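Colleague: Supplied structure: model26.txt, compact mmCIF, C-alpha atoms (C1' of nucleotides).
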# COMPACT_ATOMS: atom_id res chain seq x y z
CA MET M 20 -71.10 -51.11 -54.15
CA ASP M 21 -72.62 -54.54 -54.20
CA PRO M 22 -70.27 -56.97 -52.56
CA ARG M 23 -71.81 -59.74 -54.68
CA ARG M 24 -69.03 -60.10 -57.15
CA THR M 25 -67.74 -63.17 -58.91
CA PRO M 26 -64.30 -64.29 -57.79
CA GLY M 27 -61.46 -62.42 -59.39
CA GLN M 28 -63.48 -59.32 -60.15
CA ARG M 29 -61.83 -56.22 -58.69
CA ALA M 30 -63.28 -53.65 -56.40
CA GLY M 31 -60.38 -51.29 -56.94
CA LEU M 32 -59.62 -51.26 -53.25
CA THR M 33 -56.38 -49.64 -52.16
CA ARG M 34 -54.48 -49.58 -48.91
CA GLY M 35 -55.42 -45.95 -48.51
CA ALA M 36 -59.09 -46.69 -49.01
CA VAL M 37 -58.94 -49.33 -46.32
CA LEU M 38 -57.35 -46.91 -43.86
CA ALA M 39 -59.83 -44.18 -44.75
CA GLY M 40 -62.73 -46.55 -44.28
CA ALA M 41 -61.36 -47.61 -40.92
CA ARG M 42 -61.05 -43.99 -39.82
CA ALA M 43 -64.60 -43.25 -40.91
CA LEU M 44 -65.96 -46.31 -39.19
CA LEU M 45 -64.07 -45.38 -36.05
CA ALA M 46 -65.41 -41.85 -36.06
CA GLU M 47 -68.98 -42.85 -36.77
CA ARG M 48 -69.47 -45.93 -34.67
CA GLY M 49 -66.57 -46.18 -32.25
CA LEU M 50 -63.70 -48.50 -31.57
CA GLY M 51 -65.89 -51.42 -30.58
CA ALA M 52 -67.57 -51.31 -33.99
CA LEU M 53 -64.30 -51.30 -35.88
CA THR M 54 -64.16 -54.93 -36.85
CA MET M 55 -62.58 -56.41 -39.93
CA ARG M 56 -65.95 -57.72 -40.99
CA ALA M 57 -67.73 -54.41 -40.56
CA LEU M 58 -64.95 -52.60 -42.34
CA ALA M 59 -65.12 -55.07 -45.21
CA GLU M 60 -68.86 -54.64 -45.52
CA ARG M 61 -68.52 -50.85 -45.59
CA LEU M 62 -66.00 -51.20 -48.39
CA GLY M 63 -68.20 -53.60 -50.34
CA VAL M 64 -65.80 -56.47 -49.99
CA ARG M 65 -65.42 -59.82 -48.21
CA PRO M 66 -63.57 -59.73 -44.90
CA ASN M 67 -60.53 -61.68 -46.03
CA THR M 68 -59.97 -59.24 -48.88
CA LEU M 69 -58.67 -56.75 -46.32
CA TYR M 70 -55.68 -58.98 -45.75
CA SER M 71 -54.51 -58.22 -49.27
CA HIS M 72 -53.93 -54.64 -48.14
CA VAL M 73 -53.14 -54.83 -44.44
CA ALA M 74 -51.09 -57.36 -42.51
CA ASP M 75 -53.64 -57.74 -39.74
CA LYS M 76 -55.90 -55.70 -37.50
CA ASP M 77 -53.10 -54.72 -35.17
CA ALA M 78 -51.06 -53.26 -38.00
CA LEU M 79 -54.09 -51.36 -39.19
CA LEU M 80 -54.67 -49.82 -35.77
CA GLU M 81 -51.03 -48.95 -35.36
CA GLU M 82 -51.05 -47.11 -38.65
CA LEU M 83 -54.20 -45.22 -37.73
CA VAL M 84 -52.67 -44.13 -34.45
CA ASP M 85 -49.50 -42.90 -36.05
CA ASP M 86 -51.36 -41.06 -38.79
CA ALA M 87 -53.30 -39.14 -36.18
CA LEU M 88 -50.08 -37.39 -35.20
CA ALA M 89 -49.33 -36.25 -38.73
CA VAL M 90 -51.02 -32.87 -38.15
CA VAL M 91 -48.52 -31.92 -35.46
CA PRO M 92 -46.04 -29.48 -37.03
CA ASP M 93 -42.29 -29.56 -36.67
CA PRO M 94 -40.82 -26.98 -34.26
CA ALA M 95 -40.29 -23.51 -35.68
CA GLY M 96 -36.74 -22.29 -35.92
CA ASP M 97 -36.40 -19.23 -33.74
CA ALA M 98 -38.96 -19.03 -30.96
CA ASP M 99 -38.17 -19.59 -27.29
CA TRP M 100 -37.62 -23.28 -26.73
CA ARG M 101 -40.06 -23.50 -23.82
CA ASP M 102 -42.84 -21.78 -25.72
CA GLU M 103 -42.12 -23.97 -28.69
CA LEU M 104 -42.17 -27.09 -26.55
CA HIS M 105 -45.46 -26.04 -25.07
CA ARG M 106 -46.87 -25.47 -28.53
CA LEU M 107 -45.65 -28.82 -29.77
CA MET M 108 -47.01 -30.84 -26.88
CA SER M 109 -50.27 -28.95 -26.92
CA ALA M 110 -50.66 -29.67 -30.62
CA SER M 111 -50.03 -33.34 -29.97
CA HIS M 112 -52.61 -33.27 -27.23
CA ARG M 113 -55.15 -31.74 -29.57
CA ALA M 114 -54.29 -34.20 -32.31
CA LEU M 115 -54.97 -37.07 -29.97
CA LEU M 116 -58.28 -35.61 -28.87
CA ALA M 117 -59.32 -35.26 -32.49
CA ALA M 118 -59.35 -39.05 -32.70
CA PRO M 119 -60.62 -39.92 -29.23
CA GLU M 120 -61.28 -43.54 -29.98
CA LEU M 121 -57.64 -44.09 -30.83
CA VAL M 122 -56.22 -42.78 -27.59
CA PRO M 123 -56.60 -46.00 -25.61
CA VAL M 124 -55.02 -47.83 -28.51
CA THR M 125 -52.11 -45.39 -28.45
CA LEU M 126 -51.47 -46.10 -24.84
CA GLY M 127 -52.09 -49.78 -25.06
CA ARG M 128 -50.03 -50.50 -28.10
CA GLY M 129 -47.21 -47.99 -27.84
CA SER M 130 -46.93 -46.37 -31.29
CA ARG M 131 -43.40 -46.33 -32.68
CA GLY M 132 -44.43 -45.28 -36.16
CA PRO M 133 -42.73 -42.59 -38.24
CA GLN M 134 -44.93 -39.76 -36.99
CA ALA M 135 -44.30 -40.67 -33.38
CA GLN M 136 -40.59 -40.77 -34.06
CA ARG M 137 -40.69 -37.43 -35.80
CA LEU M 138 -42.43 -35.94 -32.80
CA GLY M 139 -39.79 -37.43 -30.55
CA ARG M 140 -37.05 -35.89 -32.61
CA GLY M 141 -38.75 -32.51 -32.48
CA VAL M 142 -39.01 -32.58 -28.71
CA THR M 143 -35.43 -33.73 -28.33
CA GLU M 144 -34.25 -30.93 -30.58
CA LEU M 145 -36.08 -28.31 -28.55
CA LEU M 146 -34.74 -29.70 -25.31
CA ALA M 147 -31.22 -29.54 -26.70
CA ARG M 148 -31.82 -25.94 -27.66
CA GLY M 149 -32.58 -25.32 -24.00
CA GLY M 150 -29.42 -27.07 -22.89
CA VAL M 151 -31.11 -30.32 -21.87
CA THR M 152 -29.33 -33.28 -23.43
CA GLY M 153 -28.39 -36.90 -22.75
CA ALA M 154 -30.16 -38.82 -20.01
CA PRO M 155 -32.08 -35.81 -18.62
CA ALA M 156 -33.39 -35.15 -22.12
CA ARG M 157 -34.61 -38.71 -22.45
CA GLU M 158 -36.24 -38.36 -19.06
CA ALA M 159 -37.94 -35.13 -20.01
CA LEU M 160 -39.13 -36.58 -23.31
CA ARG M 161 -40.66 -39.53 -21.59
CA VAL M 162 -42.40 -37.40 -19.01
CA LEU M 163 -43.84 -35.06 -21.61
CA VAL M 164 -45.02 -37.75 -23.95
CA LEU M 165 -46.67 -39.92 -21.38
CA TYR M 166 -48.20 -36.97 -19.61
CA THR M 167 -49.79 -35.89 -22.86
CA ILE M 168 -51.07 -39.27 -23.89
CA GLY M 169 -52.11 -40.15 -20.38
CA PHE M 170 -54.05 -36.96 -20.04
CA ALA M 171 -55.74 -37.44 -23.36
CA ALA M 172 -56.73 -40.92 -22.31
CA PHE M 173 -58.42 -39.55 -19.22
CA GLU M 174 -60.07 -36.75 -21.08
CA VAL M 175 -61.54 -39.26 -23.45
CA ARG M 176 -62.89 -41.55 -20.76
CA PRO M 177 -66.44 -40.76 -19.68
CA GLY M 178 -67.35 -40.12 -16.09
CA PHE M 179 -63.99 -39.08 -14.76
CA PRO M 180 -64.87 -35.64 -13.41
CA ASP M 181 -68.05 -35.34 -11.43
CA ALA M 182 -68.95 -32.05 -13.06
CA ASP M 183 -71.21 -31.33 -16.02
CA PRO M 184 -69.84 -32.64 -19.30
CA ASP M 185 -70.14 -29.08 -20.59
CA GLU M 186 -67.58 -27.54 -18.28
CA ARG M 187 -65.60 -30.70 -18.51
CA ARG M 188 -63.84 -30.12 -21.81
CA THR M 189 -62.87 -26.58 -20.97
CA GLU M 190 -61.76 -27.37 -17.47
CA LEU M 191 -59.73 -30.37 -18.56
CA GLY M 192 -58.09 -28.46 -21.36
CA GLY M 193 -56.96 -25.88 -18.85
CA THR M 194 -55.79 -28.57 -16.50
CA TYR M 195 -53.64 -30.09 -19.19
CA ASP M 196 -51.99 -26.76 -19.86
CA ARG M 197 -51.38 -26.14 -16.18
CA GLY M 198 -49.70 -29.48 -15.66
CA LEU M 199 -47.69 -29.04 -18.81
CA GLN M 200 -46.39 -25.72 -17.52
CA TRP M 201 -45.40 -27.32 -14.24
CA LEU M 202 -43.49 -29.97 -16.09
CA LEU M 203 -41.77 -27.49 -18.38
CA ALA M 204 -40.79 -25.39 -15.39
CA GLY M 205 -39.36 -28.47 -13.73
CA ILE M 206 -37.45 -29.45 -16.84
CA ALA M 207 -36.03 -25.97 -17.27
CA GLY M 208 -35.28 -25.64 -13.58
CA GLY M 209 -33.44 -28.96 -13.31
CA ARG M 210 -31.37 -28.04 -16.35
CA THR M 211 -28.29 -26.97 -14.43
CA GLY M 212 -28.43 -28.55 -11.00
CA SER M 213 -29.71 -31.65 -9.17
CA GLY M 214 -28.37 -35.23 -9.05
CA MET D 19 -60.14 -80.56 -9.42
CA ASP D 20 -61.83 -82.64 -12.06
CA PRO D 21 -64.41 -80.54 -13.87
CA ARG D 22 -66.21 -83.77 -14.79
CA ARG D 23 -69.00 -83.43 -12.35
CA THR D 24 -72.66 -84.32 -12.63
CA PRO D 25 -74.99 -81.33 -12.79
CA GLY D 26 -75.83 -79.85 -9.44
CA GLN D 27 -72.70 -81.02 -7.72
CA ARG D 28 -70.84 -78.11 -6.15
CA ALA D 29 -67.29 -77.06 -6.70
CA GLY D 30 -67.40 -74.74 -3.71
CA LEU D 31 -66.48 -71.83 -5.87
CA THR D 32 -66.70 -68.37 -4.34
CA ARG D 33 -66.51 -64.91 -5.75
CA GLY D 34 -63.15 -64.48 -4.08
CA ALA D 35 -61.83 -67.66 -5.63
CA VAL D 36 -62.85 -66.44 -9.05
CA LEU D 37 -61.03 -63.16 -8.54
CA ALA D 38 -57.97 -64.92 -7.17
CA GLY D 39 -57.92 -67.28 -10.11
CA ALA D 40 -58.19 -64.36 -12.50
CA ARG D 41 -55.29 -62.62 -10.80
CA ALA D 42 -53.16 -65.74 -10.99
CA LEU D 43 -53.99 -66.34 -14.62
CA LEU D 44 -53.20 -62.73 -15.38
CA ALA D 45 -49.84 -62.92 -13.65
CA GLU D 46 -48.86 -66.21 -15.22
CA ARG D 47 -50.06 -65.92 -18.76
CA GLY D 48 -50.94 -62.31 -19.41
CA LEU D 49 -54.02 -60.30 -20.21
CA GLY D 50 -54.55 -61.92 -23.57
CA ALA D 51 -54.83 -65.30 -21.90
CA LEU D 52 -57.36 -64.13 -19.34
CA THR D 53 -60.48 -65.49 -20.95
CA MET D 54 -63.60 -66.64 -19.22
CA ARG D 55 -63.06 -70.09 -20.65
CA ALA D 56 -59.46 -70.33 -19.53
CA LEU D 57 -60.38 -69.02 -16.10
CA ALA D 58 -63.16 -71.56 -15.83
CA GLU D 59 -60.85 -74.40 -16.76
CA ARG D 60 -58.28 -73.32 -14.19
CA LEU D 61 -61.02 -73.34 -11.56
CA GLY D 62 -62.26 -76.76 -12.62
CA VAL D 63 -65.59 -75.45 -13.75
CA ARG D 64 -67.58 -74.82 -16.92
CA PRO D 65 -67.36 -71.32 -18.38
CA ASN D 66 -70.95 -70.32 -17.71
CA THR D 67 -70.51 -71.13 -14.05
CA LEU D 68 -68.45 -67.97 -13.67
CA TYR D 69 -71.56 -65.95 -14.33
CA SER D 70 -72.98 -67.14 -11.04
CA HIS D 71 -70.25 -65.17 -9.30
CA VAL D 72 -69.47 -62.27 -11.59
CA ALA D 73 -71.75 -60.10 -13.70
CA ASP D 74 -69.54 -60.26 -16.76
CA LYS D 75 -65.95 -60.01 -17.82
CA ASP D 76 -65.91 -56.25 -17.67
CA ALA D 77 -67.03 -56.24 -14.06
CA LEU D 78 -64.39 -58.79 -13.22
CA LEU D 79 -61.65 -56.66 -14.74
CA GLU D 80 -62.90 -53.56 -13.03
CA GLU D 81 -62.78 -55.28 -9.69
CA LEU D 82 -59.28 -56.58 -10.32
CA VAL D 83 -58.09 -53.10 -11.19
CA ASP D 84 -59.55 -51.55 -8.10
CA ASP D 85 -58.21 -54.29 -5.85
CA ALA D 86 -54.71 -53.63 -7.11
CA LEU D 87 -54.82 -50.28 -5.35
CA ALA D 88 -55.76 -51.77 -2.00
CA VAL D 89 -52.13 -51.95 -0.89
CA VAL D 90 -51.75 -48.17 -1.05
CA PRO D 91 -51.94 -46.87 2.53
CA ASP D 92 -53.91 -43.88 3.74
CA PRO D 93 -51.88 -40.73 4.36
CA ALA D 94 -50.16 -40.53 7.75
CA GLY D 95 -51.30 -37.83 10.11
CA ASP D 96 -48.37 -35.57 10.75
CA ALA D 97 -45.74 -35.62 8.03
CA ASP D 98 -45.15 -32.79 5.57
CA TRP D 99 -47.94 -32.78 3.03
CA ARG D 100 -45.63 -32.75 0.04
CA ASP D 101 -43.58 -35.67 1.28
CA GLU D 102 -46.75 -37.50 2.10
CA LEU D 103 -48.20 -36.80 -1.31
CA HIS D 104 -45.05 -38.06 -2.93
CA ARG D 105 -45.19 -41.22 -0.85
CA LEU D 106 -48.84 -41.79 -1.69
CA MET D 107 -48.45 -41.36 -5.42
CA SER D 108 -45.27 -43.38 -5.48
CA ALA D 109 -47.03 -46.20 -3.66
CA SER D 110 -49.84 -46.07 -6.19
CA HIS D 111 -47.33 -46.20 -8.97
CA ARG D 112 -45.70 -49.24 -7.46
CA ALA D 113 -49.05 -50.90 -6.88
CA LEU D 114 -49.89 -50.49 -10.53
CA LEU D 115 -46.57 -51.91 -11.62
CA ALA D 116 -47.14 -54.93 -9.43
CA ALA D 117 -49.98 -55.88 -11.74
CA PRO D 118 -48.59 -54.70 -15.06
CA GLU D 119 -51.17 -56.41 -17.17
CA LEU D 120 -53.92 -54.43 -15.53
CA VAL D 121 -52.52 -51.01 -16.25
CA PRO D 122 -53.91 -50.69 -19.75
CA VAL D 123 -57.25 -51.80 -18.39
CA THR D 124 -57.04 -49.12 -15.72
CA LEU D 125 -56.56 -46.45 -18.29
CA GLY D 126 -59.00 -47.85 -20.77
CA ARG D 127 -61.84 -48.45 -18.41
CA GLY D 128 -61.46 -45.69 -15.86
CA SER D 129 -61.71 -47.36 -12.45
CA ARG D 130 -64.15 -45.64 -10.11
CA GLY D 131 -64.13 -48.41 -7.54
CA PRO D 132 -63.90 -47.93 -3.78
CA GLN D 133 -60.11 -48.14 -3.66
CA ALA D 134 -59.72 -45.54 -6.39
CA GLN D 135 -62.11 -43.28 -4.51
CA ARG D 136 -60.26 -43.78 -1.26
CA LEU D 137 -57.03 -42.82 -2.98
CA GLY D 138 -58.70 -39.75 -4.39
CA ARG D 139 -59.87 -38.72 -0.94
CA GLY D 140 -56.37 -39.20 0.45
CA VAL D 141 -54.82 -36.98 -2.17
CA THR D 142 -57.48 -34.35 -1.73
CA GLU D 143 -56.95 -34.34 2.01
CA LEU D 144 -53.21 -33.86 1.63
CA LEU D 145 -53.70 -31.07 -0.86
CA ALA D 146 -56.04 -29.34 1.54
CA ARG D 147 -53.44 -29.65 4.25
CA GLY D 148 -51.13 -27.74 1.95
CA GLY D 149 -53.71 -25.06 1.34
CA VAL D 150 -54.79 -26.30 -2.09
CA THR D 151 -58.58 -26.58 -2.26
CA GLY D 152 -61.47 -26.18 -4.66
CA ALA D 153 -60.85 -26.13 -8.39
CA PRO D 154 -57.05 -26.04 -8.12
CA ALA D 155 -57.20 -29.11 -5.93
CA ARG D 156 -59.30 -30.94 -8.50
CA GLU D 157 -56.82 -29.90 -11.13
CA ALA D 158 -53.89 -31.12 -9.10
CA LEU D 159 -55.61 -34.41 -8.33
CA ARG D 160 -56.28 -35.03 -11.96
CA VAL D 161 -52.75 -34.24 -12.99
CA LEU D 162 -51.24 -36.48 -10.33
CA VAL D 163 -53.51 -39.41 -10.99
CA LEU D 164 -53.21 -39.42 -14.73
CA TYR D 165 -49.49 -38.83 -14.60
CA THR D 166 -49.10 -41.86 -12.40
CA ILE D 167 -51.32 -44.16 -14.41
CA GLY D 168 -50.03 -42.86 -17.69
CA PHE D 169 -46.47 -43.41 -16.65
CA ALA D 170 -47.18 -46.89 -15.42
CA ALA D 171 -48.81 -47.67 -18.74
CA PHE D 172 -45.68 -46.66 -20.60
CA GLU D 173 -43.42 -48.46 -18.23
CA VAL D 174 -45.36 -51.60 -18.85
CA ARG D 175 -45.30 -51.33 -22.62
CA PRO D 176 -42.37 -53.12 -24.23
CA GLY D 177 -40.01 -51.34 -26.57
CA PHE D 178 -40.52 -47.79 -25.43
CA PRO D 179 -36.98 -46.90 -24.41
CA ASP D 180 -34.24 -47.96 -26.74
CA ALA D 181 -31.98 -49.04 -23.88
CA ASP D 182 -31.43 -52.47 -22.40
CA PRO D 183 -34.44 -53.81 -20.55
CA ASP D 184 -32.16 -54.14 -17.55
CA GLU D 185 -31.44 -50.46 -17.06
CA ARG D 186 -34.93 -49.73 -18.19
CA ARG D 187 -36.77 -50.41 -14.97
CA THR D 188 -34.36 -48.46 -12.85
CA GLU D 189 -34.16 -45.55 -15.23
CA LEU D 190 -37.91 -45.34 -15.65
CA GLY D 191 -38.52 -45.53 -11.93
CA GLY D 192 -36.21 -42.58 -11.47
CA THR D 193 -37.92 -40.75 -14.29
CA TYR D 194 -41.26 -41.20 -12.64
CA ASP D 195 -39.96 -39.72 -9.41
CA ARG D 196 -38.39 -36.78 -11.18
CA GLY D 197 -41.57 -35.88 -13.02
CA LEU D 198 -43.58 -36.32 -9.86
CA GLN D 199 -41.33 -33.87 -8.07
CA TRP D 200 -41.78 -31.35 -10.85
CA LEU D 201 -45.51 -31.65 -10.58
CA LEU D 202 -45.52 -31.35 -6.81
CA ALA D 203 -43.31 -28.30 -7.02
CA GLY D 204 -45.71 -26.78 -9.52
CA ILE D 205 -48.70 -27.57 -7.36
CA ALA D 206 -47.07 -26.11 -4.27
CA GLY D 207 -45.78 -23.10 -6.16
CA GLY D 208 -49.11 -22.22 -7.73
CA ARG D 209 -50.77 -22.49 -4.34
CA THR D 210 -50.85 -18.78 -3.61
CA GLY D 211 -50.37 -16.93 -6.90
CA SER D 212 -50.98 -17.36 -10.65
CA GLY D 213 -54.12 -16.82 -12.78
C1' DT N 22 -52.06 -63.57 -77.97
C1' DG N 23 -50.68 -65.80 -74.10
C1' DG N 24 -48.94 -66.06 -69.53
C1' DC N 25 -48.57 -64.15 -64.90
C1' DG N 26 -49.28 -61.77 -60.79
C1' DT N 27 -52.72 -60.54 -57.68
C1' DA N 28 -57.17 -58.76 -55.99
C1' DC N 29 -60.86 -61.03 -54.77
C1' DT N 30 -64.05 -65.04 -53.47
C1' DG N 31 -66.27 -69.19 -50.81
C1' DT N 32 -65.62 -71.68 -47.06
C1' DA N 33 -64.17 -72.92 -42.78
C1' DC N 34 -61.50 -73.22 -38.30
C1' DG N 35 -60.99 -72.15 -33.69
C1' DC N 36 -61.56 -68.87 -30.62
C1' DC N 37 -64.44 -65.57 -27.83
C1' DG N 38 -68.39 -63.77 -24.30
C1' DT N 39 -72.75 -64.98 -22.97
C1' DC N 40 -77.58 -66.97 -22.59
C1' DC N 41 -81.16 -70.67 -21.66
C1' DA N 42 -83.15 -74.53 -19.66
C1' DG N 43 -82.52 -78.24 -16.66
C1' DC N 44 -80.64 -80.89 -12.84
C1' DT N 45 -79.38 -81.71 -8.12
C1' DA N 46 -76.86 -80.82 -3.66
C1' DT N 47 -77.57 -78.01 -0.18
C1' DA N 48 -79.96 -74.74 3.11
C1' DT N 49 -84.38 -73.82 5.14
C1' DT N 50 -88.43 -74.56 6.99
C1' DG N 51 -91.97 -77.20 9.45
C1' DC Q 26 -86.70 -86.02 9.94
C1' DA Q 27 -89.41 -84.96 5.63
C1' DA Q 28 -90.78 -81.43 2.25
C1' DT Q 29 -89.61 -77.46 -0.11
C1' DA Q 30 -86.99 -73.48 -1.88
C1' DT Q 31 -82.56 -71.86 -3.33
C1' DA Q 32 -78.80 -71.56 -5.97
C1' DG Q 33 -74.42 -73.68 -7.96
C1' DC Q 34 -73.36 -76.01 -11.82
C1' DT Q 35 -73.99 -78.34 -16.42
C1' DG Q 36 -74.77 -79.37 -21.60
C1' DG Q 37 -75.51 -77.10 -25.42
C1' DA Q 38 -75.93 -73.42 -28.35
C1' DC Q 39 -75.84 -68.65 -30.59
C1' DG Q 40 -73.70 -65.05 -32.85
C1' DG Q 41 -69.51 -62.72 -33.56
C1' DC Q 42 -64.68 -62.31 -33.95
C1' DG Q 43 -59.81 -62.57 -36.51
C1' DT Q 44 -57.77 -65.14 -39.86
C1' DA Q 45 -56.08 -69.15 -43.13
C1' DC Q 46 -56.42 -71.89 -47.43
C1' DA Q 47 -57.31 -72.79 -52.01
C1' DG Q 48 -59.33 -71.37 -56.10
C1' DT Q 49 -60.88 -67.98 -59.77
C1' DA Q 50 -60.82 -64.37 -63.11
C1' DC Q 51 -59.27 -59.96 -64.22
C1' DG Q 52 -55.54 -56.36 -65.75
C1' DC Q 53 -51.03 -55.91 -67.39
C1' DC Q 54 -46.96 -56.82 -70.06
C1' DA Q 55 -44.23 -59.54 -73.28
Show me this structure written as structure tokens.
Modeller:
Amino acid sequence: MDPRRTPGQRAGLTRGAVLAGARALLAERGLGALTMRALAERLGVRPNTLYSHVADKDALLEELVDDALAVVPDPAGDADWRDELHRLMSASHRALLAAPELVPVTLGRGSRGPQAQRLGRGVTELLARGGVTGAPAREALRVLVLYTIGFAAFEVRPGFPDADPDERRTELGGTYDRGLQWLLAGIAGGRTGSG
Amino acid sequence: MDPRRTPGQRAGLTRGAVLAGARALLAERGLGALTMRALAERLGVRPNTLYSHVADKDALLEELVDDALAVVPDPAGDADWRDELHRLMSASHRALLAAPELVPVTLGRGSRGPQAQRLGRGVTELLARGGVTGAPAREALRVLVLYTIGFAAFEVRPGFPDADPDERRTELGGTYDRGLQWLLAGIAGGRTGSG
DNA sequence: TGGCGTACTGTACGCCGTCCAGCTATATTG
DNA sequence: CAATATAGCTGGACGGCGTACAGTACGCCA
């Protein structure tokens, strides 16, 4: 508890504890308050101690972002590929909204962690099940992913719609679904033809 | 040129010059290098001088973002509304890519400046011309805007596609267009029916 | 029991955005 | 043309940031 500790004495800090503390700090006080110094203080430790567990702040953020996607399930085996795709993307969307402060980071920094890659594989697999492969599949994947993250980013930003913040969440959620359906229809429709 | 100037002597700095300098610095050395101190040095001025022309760094960025959209034209009077909508969004997309470093800022900070509002009015007008009004129009506007900005953000991020950076630009540009067409088709298709 | 790896510390460096008080070149007024 | 107000610019500083370096003392294993 007390950070006043003689050198060499251990606080029993682990990498996981650092990440958990960062998540808590993020949730409670926002992205702007997530500073290495504040995180250290919350953990009862000097700031530089964090660097024994994390490469630097960027790496920490990247890991947080990727972890946020861990709750998204893998695609089920037998359902219709379009329904499944909708479910998968919608789950991702919800996962992002559950950690609103991280969304701008996601967009800004890219996120190529294991969870993001897993999600990519899932989408690709579903597309293949629907007969979409190769370059069109990569196209579709890109469109879906960025639409989802982009939408989440806007949902998270204050002041975008002029309506009451009450309606806002509901209305935006519906809007996301609508756009997603349009995209899925386009993907499915372009499956055979076009050039 | 020489910032070594006795107090009171004027550098002839204007608000426009500050913005222009910021744009140049951004283009040459990236967002990370756009610091009030660096900007001041480039302008031959002490850092605090900037605050005589700009409220703070946030305001400066916001203005830069909005200005980037100034090159997007208003919709023409007589063309097909879908073609026109495509042209408008595509122009916005290109405008954003012309200032890549600003895209993350756009998404992160929101951008409600005059240019953004003008663009919003243009889109709304075109949608109305196609018979899309009210809540569906707001939905469509949101989807189009965030798709465009979101896509630009991903295009700007390094390392997203696994291909050569050469093909990348071309392929991504085509992907943007494809997705945009899907969305426009969905918007036009949902015009009369659906629930 | 002794040595070693390492979690942790004190301290400090070089950045950052921004504020305050003062000075003076310029614009404004008579 | 002289007196005054305005406002552009400065030196200097404050508090905060991420992070590096070198040292210390604990826990573990031989």
Colleague: List every residue of chain M that has an atom at most 8 Å from any atom of chain N, and for each one report the closest atom pair and its distance in Å to one decimal, counting only C-alpha atoms (C1' of nucleotides), with rows sorted by chain and then by increasing residue number, as a Markdown table.
Modeller:
| residue | atom | partner | partner_atom | distance |
| --- | --- | --- | --- | --- |
| M:Arg24 | CA | N:DT30 | C1' | 7.9 |
| M:Thr25 | CA | N:DT30 | C1' | 6.8 |
| M:Pro26 | CA | N:DT30 | C1' | 4.4 |
| M:Gly27 | CA | N:DC29 | C1' | 4.9 |
| M:Gln28 | CA | N:DC29 | C1' | 6.2 |
| M:Arg29 | CA | N:DA28 | C1' | 6.0 |
| M:Ala30 | CA | N:DC29 | C1' | 7.9 |
| M:Arg65 | CA | N:DT30 | C1' | 7.5 |
| M:Thr68 | CA | N:DC29 | C1' | 6.2 |
| M:Ser71 | CA | N:DA28 | C1' | 7.2 |
Colleague: Keeping only C-alpha atoms, write the selected residues as a PDB file, in the frame of the given file.
Modeller:
ATOM      1  CA  ARG M  24     -69.030 -60.100 -57.150  1.00  0.00           C
ATOM      2  CA  THR M  25     -67.740 -63.170 -58.910  1.00  0.00           C
ATOM      3  CA  PRO M  26     -64.300 -64.290 -57.790  1.00  0.00           C
ATOM      4  CA  GLY M  27     -61.460 -62.420 -59.390  1.00  0.00           C
ATOM      5  CA  GLN M  28     -63.480 -59.320 -60.150  1.00  0.00           C
ATOM      6  CA  ARG M  29     -61.830 -56.220 -58.690  1.00  0.00           C
ATOM      7  CA  ALA M  30     -63.280 -53.650 -56.400  1.00  0.00           C
ATOM      8  CA  ARG M  65     -65.420 -59.820 -48.210  1.00  0.00           C
ATOM      9  CA  THR M  68     -59.970 -59.240 -48.880  1.00  0.00           C
ATOM     10  CA  SER M  71     -54.510 -58.220 -49.270  1.00  0.00           C
TER      11      SER M  71
END
Colleague: Return the single residue from D:Glu46, D:Asp92, D:Asp74, D:Asp85 that is closest to Gly138 of chain D, with distances computed using all atoms listed in the file.
Modeller: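 Among the listed residues, the smallest separation from Gly138 of chain D belongs to D:Asp92.
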Colleague: So the first atom is atom CA of Gly168 of chain D and the second is atom CA of Thr167 of chain M; what is the distance between them in Å, to one decimal place?
Modeller: 8.7 Å
Colleague: Between atom CA of Gly63 of chain M and atom C1' of DA45 of chain Q, what is the spacing in Å?
Modeller: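 About the pair atom C1' of DA45 of chain Q and atom CA of Gly63 of chain M: they are 21.0 Å apart.
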Colleague: Please identify all residues of chain Q having at least one atom at most 7 Å from any atom of chain M, considering all atoms listed in the file, and return them as a PyMOL selection string.
Modeller: chain Q and resi 49-51
Colleague: Return the neighbours of chain D among the residues of chain M, cut-off 6 Å, counting all atoms listed in the file, as a PyMOL selection string.
Modeller: chain M and resi 123+127+158+165-166+169-170+194+201-202+205
Colleague: Convert the current residue selection to file output with C-alpha atoms, as a short mmCIF file (atom, residue, chain, number, x, y, z; two decimals), in the frame of the given file.
Modeller:
data_model
loop_
_atom_site.label_atom_id
_atom_site.label_comp_id
_atom_site.auth_asym_id
_atom_site.auth_seq_id
_atom_site.Cartn_x
_atom_site.Cartn_y
_atom_site.Cartn_z
CA PRO M 123 -56.60 -46.00 -25.61
CA GLY M 127 -52.09 -49.78 -25.06
CA GLU M 158 -36.24 -38.36 -19.06
CA LEU M 165 -46.67 -39.92 -21.38
CA TYR M 166 -48.20 -36.97 -19.61
CA GLY M 169 -52.11 -40.15 -20.38
CA PHE M 170 -54.05 -36.96 -20.04
CA THR M 194 -55.79 -28.57 -16.50
CA TRP M 201 -45.40 -27.32 -14.24
CA LEU M 202 -43.49 -29.97 -16.09
CA GLY M 205 -39.36 -28.47 -13.73
#
Colleague: Rounded to one decimal in Å, what is the spacing between atom CA of Gln136 of chain M and atom CA of Asp85 of chain M?
Modeller: 9.4 Å
